[in-house]
Amino acid sequence: MEDYLNLEPVAIDNQVTRKVLAIVETNPGIVLADLIKIAYQKASLDDIYTLIATEQIYVNLNTARLSEPEQVKVFANREIALAYERITSVKPSSIPSNLQSVEIAVGKSLSWDGESWDVVNTGTTTTGLLRTDGKFVELPNATVFKLIQDGQITVAPIQSTAKQQQLEELLRHAKPQDIVEANHRYTQLLPYLSSHPPVGITRTIRRWRKAYQQATEIYGNGFVGLLPKNTNKGNYKPRLDPRVLLVQKSPECLIYGGFY
């Protein structure tokens with residue numbers, strides 16, 4: 001990758017850049033291996049790595065190993081990557097690995113004392129849980145471990161794939177500026193989701209928190225509730241050539257799903 005870092009964005013033909021970006025925009029989080037297969041007729045491997053190095057398409061180079069393209073997710077920009085992380089990523093917790101029957105990860109639902117709780121934060125020492133009525137608690141990981149061990153915390157019914165698809169669709173159809181705004185709102189709201197929120201909550205923060213809680217009840221994830229309301233307006237019909245759309249079934253389908 002070092003060989004590409006000093007290249008200017010103009011080093012790649014504009015038409016190639018547009019076609020690669022169209023694939024990534026249509027398939028947020030597409031793995032690098034699939035992107036290479038889809039774009040192989042119009043963009044070389046050098047082209048794609050140059051686009052990554054010059055940040056014309058986004059890969060988190062702090063965590064991704066480009067030597068393992070099957071594990072690398074590609075996005076149109078950092079803001080979109082951050083938004084998808086907030087609805088789909090699984091962050092490792094420090095809960096001992098010998099209890100893998102109960103997965104503690106952001107976005108997962110747990111059953112505790114007859115109530116359903118969503119994992120909204122996993123840290124090195126604590127885990128944040130949000131109940132469906134909006135109540136937030138932050139427990140030491142040692143306490144979570146003990147509750148799991150005693151059978152008091154169990155796995156809640158698995159969220160349907162349909163709900164996850166709804167979350168991704170909402171982000172896919174959101175305008176870039178709306179995603180930036182949702183990320184901003186999430187950063188501002190996060191302290192107020194803790195068990196010890198700052199004093200003096202504003203009306204704006206209260207409104208965002210309510211929207212976050214409502215989205216959590218509907219989708220199992222509150223982040224999409226922070227998207228501006230105008231995100232849900234407009235025509236959702238694909239504007240791109242349908243051959244660009246990713247068919248995630250087999251490598252053969254991926255190849256024939258590309259440009260001709």
# chains A, B, ... in the order shown; residues from 1 in each chain; ligands from 1
>>> residues_around(residues="Glu25 in chain A", least_positions_apart="3", cutoff="9 Å", atoms="only C-alpha atoms", output="list in words")
Val20, Leu21, Ala22, Pro28, Gly29, Phe75, Ala76 and Arg172 of chain A
>>> select_by_dssp(residues="range 50-245 of chain A", states="strand (DSSP E or B)", output="ChimeraX atom specification")
/A:58,73-75,109-112,115-122,126-131,136-140,153-155
>>> write_last_selection(atoms="N, CA, C and O atoms", output="compact mmCIF listing (two decimals), in the first residue's frame")
# COMPACT_ATOMS: atom_id res chain seq x y z
N TYR A 58 -13.37 4.49 0.75
CA TYR A 58 -12.87 4.45 2.13
C TYR A 58 -12.73 3.03 2.69
O TYR A 58 -13.65 2.21 2.59
N LYS A 73 -13.93 -4.30 4.46
CA LYS A 73 -15.15 -3.67 3.98
C LYS A 73 -14.83 -2.30 3.38
O LYS A 73 -14.04 -1.55 3.93
N VAL A 74 -15.47 -2.01 2.26
CA VAL A 74 -15.20 -0.78 1.52
C VAL A 74 -16.47 0.09 1.51
O VAL A 74 -17.57 -0.41 1.27
N PHE A 75 -16.29 1.39 1.74
CA PHE A 75 -17.40 2.35 1.76
C PHE A 75 -17.05 3.54 0.88
O PHE A 75 -15.89 3.76 0.52
N SER A 109 -29.55 -8.40 21.50
CA SER A 109 -30.62 -8.31 22.49
C SER A 109 -30.46 -9.41 23.53
O SER A 109 -30.16 -10.55 23.19
N LEU A 110 -30.67 -9.03 24.79
CA LEU A 110 -30.55 -9.96 25.91
C LEU A 110 -31.84 -9.96 26.70
O LEU A 110 -32.62 -9.00 26.67
N SER A 111 -32.08 -11.06 27.40
CA SER A 111 -33.21 -11.15 28.31
C SER A 111 -32.68 -11.16 29.74
O SER A 111 -31.83 -11.99 30.08
N TRP A 112 -33.17 -10.22 30.55
CA TRP A 112 -32.70 -10.09 31.93
C TRP A 112 -33.88 -9.72 32.82
O TRP A 112 -34.54 -8.72 32.61
N GLU A 115 -37.16 -8.89 31.14
CA GLU A 115 -37.19 -7.72 30.26
C GLU A 115 -36.20 -7.90 29.13
O GLU A 115 -35.20 -8.62 29.25
N SER A 116 -36.48 -7.23 28.02
CA SER A 116 -35.57 -7.27 26.88
C SER A 116 -34.65 -6.06 26.93
O SER A 116 -35.11 -4.92 27.12
N TRP A 117 -33.34 -6.30 26.79
CA TRP A 117 -32.33 -5.23 26.83
C TRP A 117 -31.45 -5.32 25.58
O TRP A 117 -31.08 -6.41 25.15
N ASP A 118 -31.13 -4.15 25.02
CA ASP A 118 -30.22 -4.09 23.88
C ASP A 118 -28.84 -3.66 24.36
O ASP A 118 -28.72 -2.72 25.16
N VAL A 119 -27.81 -4.32 23.85
CA VAL A 119 -26.45 -3.92 24.16
C VAL A 119 -26.11 -2.70 23.30
O VAL A 119 -26.12 -2.77 22.08
N VAL A 120 -25.85 -1.55 23.95
CA VAL A 120 -25.58 -0.32 23.21
C VAL A 120 -24.13 0.13 23.33
O VAL A 120 -23.68 1.02 22.61
N ASN A 121 -23.39 -0.49 24.24
CA ASN A 121 -21.97 -0.13 24.37
C ASN A 121 -21.22 -1.28 25.03
O ASN A 121 -21.70 -1.88 25.99
N THR A 122 -20.06 -1.61 24.49
CA THR A 122 -19.20 -2.61 25.11
C THR A 122 -17.83 -2.01 25.31
O THR A 122 -17.18 -1.60 24.35
N THR A 126 -16.86 -2.07 31.28
CA THR A 126 -18.30 -2.03 31.50
C THR A 126 -19.07 -2.32 30.21
O THR A 126 -18.53 -2.21 29.12
N THR A 127 -20.34 -2.69 30.39
CA THR A 127 -21.25 -2.93 29.27
C THR A 127 -22.50 -2.10 29.49
O THR A 127 -23.07 -2.11 30.59
N GLY A 128 -22.95 -1.37 28.45
CA GLY A 128 -24.15 -0.56 28.54
C GLY A 128 -25.34 -1.27 27.95
O GLY A 128 -25.28 -1.80 26.84
N LEU A 129 -26.46 -1.30 28.69
CA LEU A 129 -27.68 -1.96 28.26
C LEU A 129 -28.82 -0.95 28.23
O LEU A 129 -28.95 -0.12 29.14
N LEU A 130 -29.66 -1.03 27.19
CA LEU A 130 -30.81 -0.13 27.04
C LEU A 130 -32.09 -0.95 26.97
O LEU A 130 -32.24 -1.80 26.09
N ARG A 131 -33.01 -0.71 27.93
CA ARG A 131 -34.29 -1.41 27.95
C ARG A 131 -35.23 -0.79 26.93
O ARG A 131 -35.03 0.34 26.49
N PHE A 136 -31.52 3.10 30.78
CA PHE A 136 -30.14 2.70 30.48
C PHE A 136 -29.44 2.31 31.77
O PHE A 136 -29.58 2.98 32.81
N VAL A 137 -28.70 1.21 31.72
CA VAL A 137 -27.85 0.81 32.85
C VAL A 137 -26.47 0.45 32.32
O VAL A 137 -26.31 0.00 31.19
N GLU A 138 -25.50 0.70 33.15
CA GLU A 138 -24.12 0.38 32.80
C GLU A 138 -23.58 -0.56 33.88
O GLU A 138 -23.50 -0.18 35.05
N LEU A 139 -23.25 -1.78 33.48
CA LEU A 139 -22.82 -2.79 34.43
C LEU A 139 -21.34 -3.13 34.24
O LEU A 139 -20.87 -3.20 33.10
N PRO A 140 -20.63 -3.37 35.33
CA PRO A 140 -19.25 -3.87 35.19
C PRO A 140 -19.28 -5.21 34.46
O PRO A 140 -20.21 -6.01 34.64
N ILE A 153 -29.02 -13.65 32.91
CA ILE A 153 -28.99 -13.01 31.59
C ILE A 153 -28.89 -14.11 30.55
O ILE A 153 -28.00 -14.95 30.60
N THR A 154 -29.85 -14.10 29.62
CA THR A 154 -29.87 -15.11 28.57
C THR A 154 -30.03 -14.42 27.22
O THR A 154 -30.23 -13.20 27.15
N VAL A 155 -29.98 -15.20 26.17
CA VAL A 155 -30.14 -14.65 24.82
C VAL A 155 -31.61 -14.38 24.56
O VAL A 155 -32.46 -15.24 24.77
>>> residues_around(residues="Gln164 in chain A", least_positions_apart="6", cutoff="12 Å", atoms="only C-alpha atoms", output="NGL selection string")
:A and (84 or 87-89 or 107-108 or 158 or 170-171 or 216 or 218-221 or 224)
>>> write_last_selection(atoms="N, CA, C and O atoms", output="PDB file, in the first residue's frame")
ATOM      1  N   TYR A  84     -22.558   2.700   9.347  1.00  0.00           N
ATOM      2  CA  TYR A  84     -22.785   1.262   9.239  1.00  0.00           C
ATOM      3  C   TYR A  84     -22.197   0.515  10.432  1.00  0.00           C
ATOM      4  O   TYR A  84     -22.761  -0.484  10.893  1.00  0.00           O
ATOM      5  N   ILE A  87     -24.646   0.451  13.270  1.00  0.00           N
ATOM      6  CA  ILE A  87     -25.838  -0.408  13.201  1.00  0.00           C
ATOM      7  C   ILE A  87     -25.490  -1.880  13.022  1.00  0.00           C
ATOM      8  O   ILE A  87     -26.358  -2.738  13.201  1.00  0.00           O
ATOM      9  N   THR A  88     -24.256  -2.189  12.669  1.00  0.00           N
ATOM     10  CA  THR A  88     -23.948  -3.586  12.352  1.00  0.00           C
ATOM     11  C   THR A  88     -22.731  -4.155  13.049  1.00  0.00           C
ATOM     12  O   THR A  88     -22.603  -5.370  13.144  1.00  0.00           O
ATOM     13  N   SER A  89     -21.826  -3.327  13.505  1.00  0.00           N
ATOM     14  CA  SER A  89     -20.556  -3.873  13.987  1.00  0.00           C
ATOM     15  C   SER A  89     -20.729  -4.625  15.284  1.00  0.00           C
ATOM     16  O   SER A  89     -21.614  -4.334  16.086  1.00  0.00           O
ATOM     17  N   GLY A 107     -25.758  -4.028  19.561  1.00  0.00           N
ATOM     18  CA  GLY A 107     -26.860  -4.409  18.689  1.00  0.00           C
ATOM     19  C   GLY A 107     -27.533  -5.717  19.071  1.00  0.00           C
ATOM     20  O   GLY A 107     -28.620  -6.019  18.575  1.00  0.00           O
ATOM     21  N   LYS A 108     -26.898  -6.502  19.960  1.00  0.00           N
ATOM     22  CA  LYS A 108     -27.493  -7.768  20.381  1.00  0.00           C
ATOM     23  C   LYS A 108     -28.551  -7.533  21.460  1.00  0.00           C
ATOM     24  O   LYS A 108     -28.461  -6.587  22.243  1.00  0.00           O
ATOM     25  N   ILE A 158     -33.816 -13.871  18.602  1.00  0.00           N
ATOM     26  CA  ILE A 158     -32.959 -13.250  17.597  1.00  0.00           C
ATOM     27  C   ILE A 158     -33.749 -12.255  16.757  1.00  0.00           C
ATOM     28  O   ILE A 158     -34.839 -12.542  16.294  1.00  0.00           O
ATOM     29  N   LEU A 170     -32.463   2.058   5.250  1.00  0.00           N
ATOM     30  CA  LEU A 170     -32.578   3.447   5.694  1.00  0.00           C
ATOM     31  C   LEU A 170     -31.270   4.199   5.484  1.00  0.00           C
ATOM     32  O   LEU A 170     -31.254   5.348   5.043  1.00  0.00           O
ATOM     33  N   LEU A 171     -30.165   3.542   5.781  1.00  0.00           N
ATOM     34  CA  LEU A 171     -28.866   4.186   5.562  1.00  0.00           C
ATOM     35  C   LEU A 171     -28.560   4.302   4.080  1.00  0.00           C
ATOM     36  O   LEU A 171     -28.010   5.307   3.624  1.00  0.00           O
ATOM     37  N   THR A 216     -35.071   2.207  18.567  1.00  0.00           N
ATOM     38  CA  THR A 216     -34.639   0.979  19.228  1.00  0.00           C
ATOM     39  C   THR A 216     -35.799   0.006  19.371  1.00  0.00           C
ATOM     40  O   THR A 216     -35.652  -1.202  19.151  1.00  0.00           O
ATOM     41  N   ILE A 218     -38.475  -0.116  17.448  1.00  0.00           N
ATOM     42  CA  ILE A 218     -38.953  -0.549  16.128  1.00  0.00           C
ATOM     43  C   ILE A 218     -37.952  -1.462  15.425  1.00  0.00           C
ATOM     44  O   ILE A 218     -38.313  -2.519  14.901  1.00  0.00           O
ATOM     45  N   TYR A 219     -36.683  -1.038  15.422  1.00  0.00           N
ATOM     46  CA  TYR A 219     -35.670  -1.737  14.621  1.00  0.00           C
ATOM     47  C   TYR A 219     -34.667  -2.538  15.451  1.00  0.00           C
ATOM     48  O   TYR A 219     -33.873  -3.294  14.891  1.00  0.00           O
ATOM     49  N   GLY A 220     -34.685  -2.325  16.766  1.00  0.00           N
ATOM     50  CA  GLY A 220     -33.672  -2.972  17.590  1.00  0.00           C
ATOM     51  C   GLY A 220     -32.364  -2.215  17.592  1.00  0.00           C
ATOM     52  O   GLY A 220     -31.364  -2.685  18.131  1.00  0.00           O
ATOM     53  N   ASN A 221     -32.351  -1.013  17.016  1.00  0.00           N
ATOM     54  CA  ASN A 221     -31.144  -0.182  16.963  1.00  0.00           C
ATOM     55  C   ASN A 221     -31.588   1.273  16.880  1.00  0.00           C
ATOM     56  O   ASN A 221     -32.429   1.627  16.047  1.00  0.00           O
ATOM     57  N   VAL A 224     -30.598   4.832  13.665  1.00  0.00           N
ATOM     58  CA  VAL A 224     -31.357   5.336  12.514  1.00  0.00           C
ATOM     59  C   VAL A 224     -32.416   6.350  12.919  1.00  0.00           C
ATOM     60  O   VAL A 224     -32.875   7.137  12.090  1.00  0.00           O
TER      61      VAL A 224
END
>>> atom_distance(atom1="CA of Asp150 in chain A", atom2="CA of Val106 in chain A")
21.9 Å
>>> residues_around(residues="Gln177 in chain A", least_positions_apart="4", cutoff="10 Å", atoms="only C-alpha atoms", output="compact mmCIF listing (two decimals) with C-alpha atoms, in the first residue's frame")
# COMPACT_ATOMS: atom_id res chain seq x y z
CA GLU A 79 -19.07 8.98 7.51
CA GLU A 181 -25.80 14.84 10.85
CA ALA A 182 -26.83 11.48 12.39
CA ASN A 183 -23.20 10.78 13.36
CA LEU A 227 -31.36 10.51 10.78
CA PRO A 228 -33.13 13.75 9.81
CA THR A 231 -34.22 11.02 4.87
>>> closest_residue(among="A:Asn14, A:Thr50, A:Asn77, A:Thr132", to="Gln214 in chain A", atoms="only C-alpha atoms")
A:Thr132
>>> atom_distance(atom1="CA of Gln188 in chain A", atom2="CA of Asn60 in chain A")
22.8 Å
>>> select_by_dssp(residues="range 119-240 of chain A", states="helix (DSSP H, G or I)", output="PDB file with C-alpha atoms, in the first residue's frame")
ATOM      1  CA  ASN A 141     -18.260  -6.711  32.891  1.00  0.00           C
ATOM      2  CA  ALA A 142     -17.611  -8.874  35.959  1.00  0.00           C
ATOM      3  CA  THR A 143     -21.263  -8.396  36.964  1.00  0.00           C
ATOM      4  CA  VAL A 144     -22.475  -9.258  33.462  1.00  0.00           C
ATOM      5  CA  PHE A 145     -20.322 -12.391  33.567  1.00  0.00           C
ATOM      6  CA  LYS A 146     -21.813 -13.398  36.926  1.00  0.00           C
ATOM      7  CA  LEU A 147     -25.390 -12.802  35.730  1.00  0.00           C
ATOM      8  CA  ILE A 148     -24.760 -14.940  32.641  1.00  0.00           C
ATOM      9  CA  GLN A 149     -23.107 -17.618  34.727  1.00  0.00           C
ATOM     10  CA  THR A 161     -33.052 -10.475   9.239  1.00  0.00           C
ATOM     11  CA  ALA A 162     -35.826  -8.252   7.910  1.00  0.00           C
ATOM     12  CA  LYS A 163     -35.159  -5.680  10.626  1.00  0.00           C
ATOM     13  CA  GLN A 164     -31.458  -5.596   9.850  1.00  0.00           C
ATOM     14  CA  GLN A 165     -32.298  -5.159   6.174  1.00  0.00           C
ATOM     15  CA  GLN A 166     -34.587  -2.258   7.085  1.00  0.00           C
ATOM     16  CA  LEU A 167     -31.748  -0.593   8.980  1.00  0.00           C
ATOM     17  CA  GLU A 168     -29.413  -0.947   6.033  1.00  0.00           C
ATOM     18  CA  GLU A 169     -32.047   0.316   3.610  1.00  0.00           C
ATOM     19  CA  LEU A 170     -32.578   3.447   5.694  1.00  0.00           C
ATOM     20  CA  LEU A 171     -28.866   4.186   5.562  1.00  0.00           C
ATOM     21  CA  ARG A 172     -28.596   3.278   1.887  1.00  0.00           C
ATOM     22  CA  PRO A 176     -24.680  12.047   2.651  1.00  0.00           C
ATOM     23  CA  GLN A 177     -25.378  15.177   4.691  1.00  0.00           C
ATOM     24  CA  ASP A 178     -28.025  13.321   6.693  1.00  0.00           C
ATOM     25  CA  ILE A 179     -25.551  10.603   7.627  1.00  0.00           C
ATOM     26  CA  VAL A 180     -23.066  13.253   8.735  1.00  0.00           C
ATOM     27  CA  GLU A 181     -25.803  14.835  10.853  1.00  0.00           C
ATOM     28  CA  ALA A 182     -26.826  11.478  12.389  1.00  0.00           C
ATOM     29  CA  ASN A 183     -23.200  10.775  13.358  1.00  0.00           C
ATOM     30  CA  HIS A 184     -22.999  14.240  14.941  1.00  0.00           C
ATOM     31  CA  ARG A 185     -26.224  13.686  16.867  1.00  0.00           C
ATOM     32  CA  TYR A 186     -25.059  10.278  18.079  1.00  0.00           C
ATOM     33  CA  THR A 187     -21.804  11.743  19.404  1.00  0.00           C
ATOM     34  CA  GLN A 188     -23.696  14.502  21.219  1.00  0.00           C
ATOM     35  CA  LEU A 189     -26.349  12.134  22.572  1.00  0.00           C
ATOM     36  CA  LEU A 190     -24.134   9.305  23.803  1.00  0.00           C
ATOM     37  CA  PRO A 191     -23.319  10.860  27.227  1.00  0.00           C
ATOM     38  CA  TYR A 192     -27.070  11.205  27.889  1.00  0.00           C
ATOM     39  CA  LEU A 193     -27.609   7.479  27.376  1.00  0.00           C
ATOM     40  CA  ARG A 203     -34.830  20.153  24.394  1.00  0.00           C
ATOM     41  CA  THR A 204     -32.806  19.117  21.363  1.00  0.00           C
ATOM     42  CA  ILE A 205     -31.015  16.334  23.230  1.00  0.00           C
ATOM     43  CA  ARG A 206     -34.331  15.224  24.744  1.00  0.00           C
ATOM     44  CA  ARG A 207     -35.869  15.050  21.260  1.00  0.00           C
ATOM     45  CA  TRP A 208     -32.938  13.074  19.902  1.00  0.00           C
ATOM     46  CA  ARG A 209     -33.056  10.680  22.841  1.00  0.00           C
ATOM     47  CA  LYS A 210     -36.761  10.052  22.276  1.00  0.00           C
ATOM     48  CA  ALA A 211     -36.143   9.391  18.573  1.00  0.00           C
ATOM     49  CA  TYR A 212     -33.281   7.042  19.477  1.00  0.00           C
ATOM     50  CA  GLN A 213     -35.460   5.110  21.910  1.00  0.00           C
ATOM     51  CA  GLN A 214     -38.330   4.832  19.431  1.00  0.00           C
ATOM     52  CA  ALA A 215     -36.014   3.504  16.737  1.00  0.00           C
ATOM     53  CA  THR A 216     -34.639   0.979  19.228  1.00  0.00           C
ATOM     54  CA  GLU A 217     -38.155  -0.322  19.848  1.00  0.00           C
ATOM     55  CA  ILE A 218     -38.953  -0.549  16.128  1.00  0.00           C
ATOM     56  CA  TYR A 219     -35.670  -1.737  14.621  1.00  0.00           C
ATOM     57  CA  PHE A 223     -28.988   5.058  15.491  1.00  0.00           C
ATOM     58  CA  VAL A 224     -31.357   5.336  12.514  1.00  0.00           C
ATOM     59  CA  GLY A 225     -33.726   7.360  14.663  1.00  0.00           C
ATOM     60  CA  LEU A 226     -31.154  10.147  14.538  1.00  0.00           C
ATOM     61  CA  LYS A 229     -36.789  13.159   8.963  1.00  0.00           C
ATOM     62  CA  ASN A 230     -36.343  14.154   5.325  1.00  0.00           C
ATOM     63  CA  THR A 231     -34.218  11.024   4.875  1.00  0.00           C
ATOM     64  CA  ASN A 232     -37.397   8.974   4.547  1.00  0.00           C
TER      65      ASN A 232
END
>>> atom_distance(atom1="CA of Gln152 in chain A", atom2="CA of Lys135 in chain A")
18.3 Å
>>> closest_residue(among="A:Ile23, A:Leu32, A:Arg78, A:Gly134", to="Leu66 in chain A", atoms="only C-alpha atoms")
A:Leu32
>>> closest_residue(among="A:Gly123, A:Ile38, A:Asp133, A:Asn27", to="Ala81 in chain A", atoms="only C-alpha atoms")
A:Asn27
>>> closest_residue(among="A:Ala174, A:Ala105, A:Ala83, A:Leu61", to="Gly222 in chain A", atoms="only C-alpha atoms")
A:Ala83
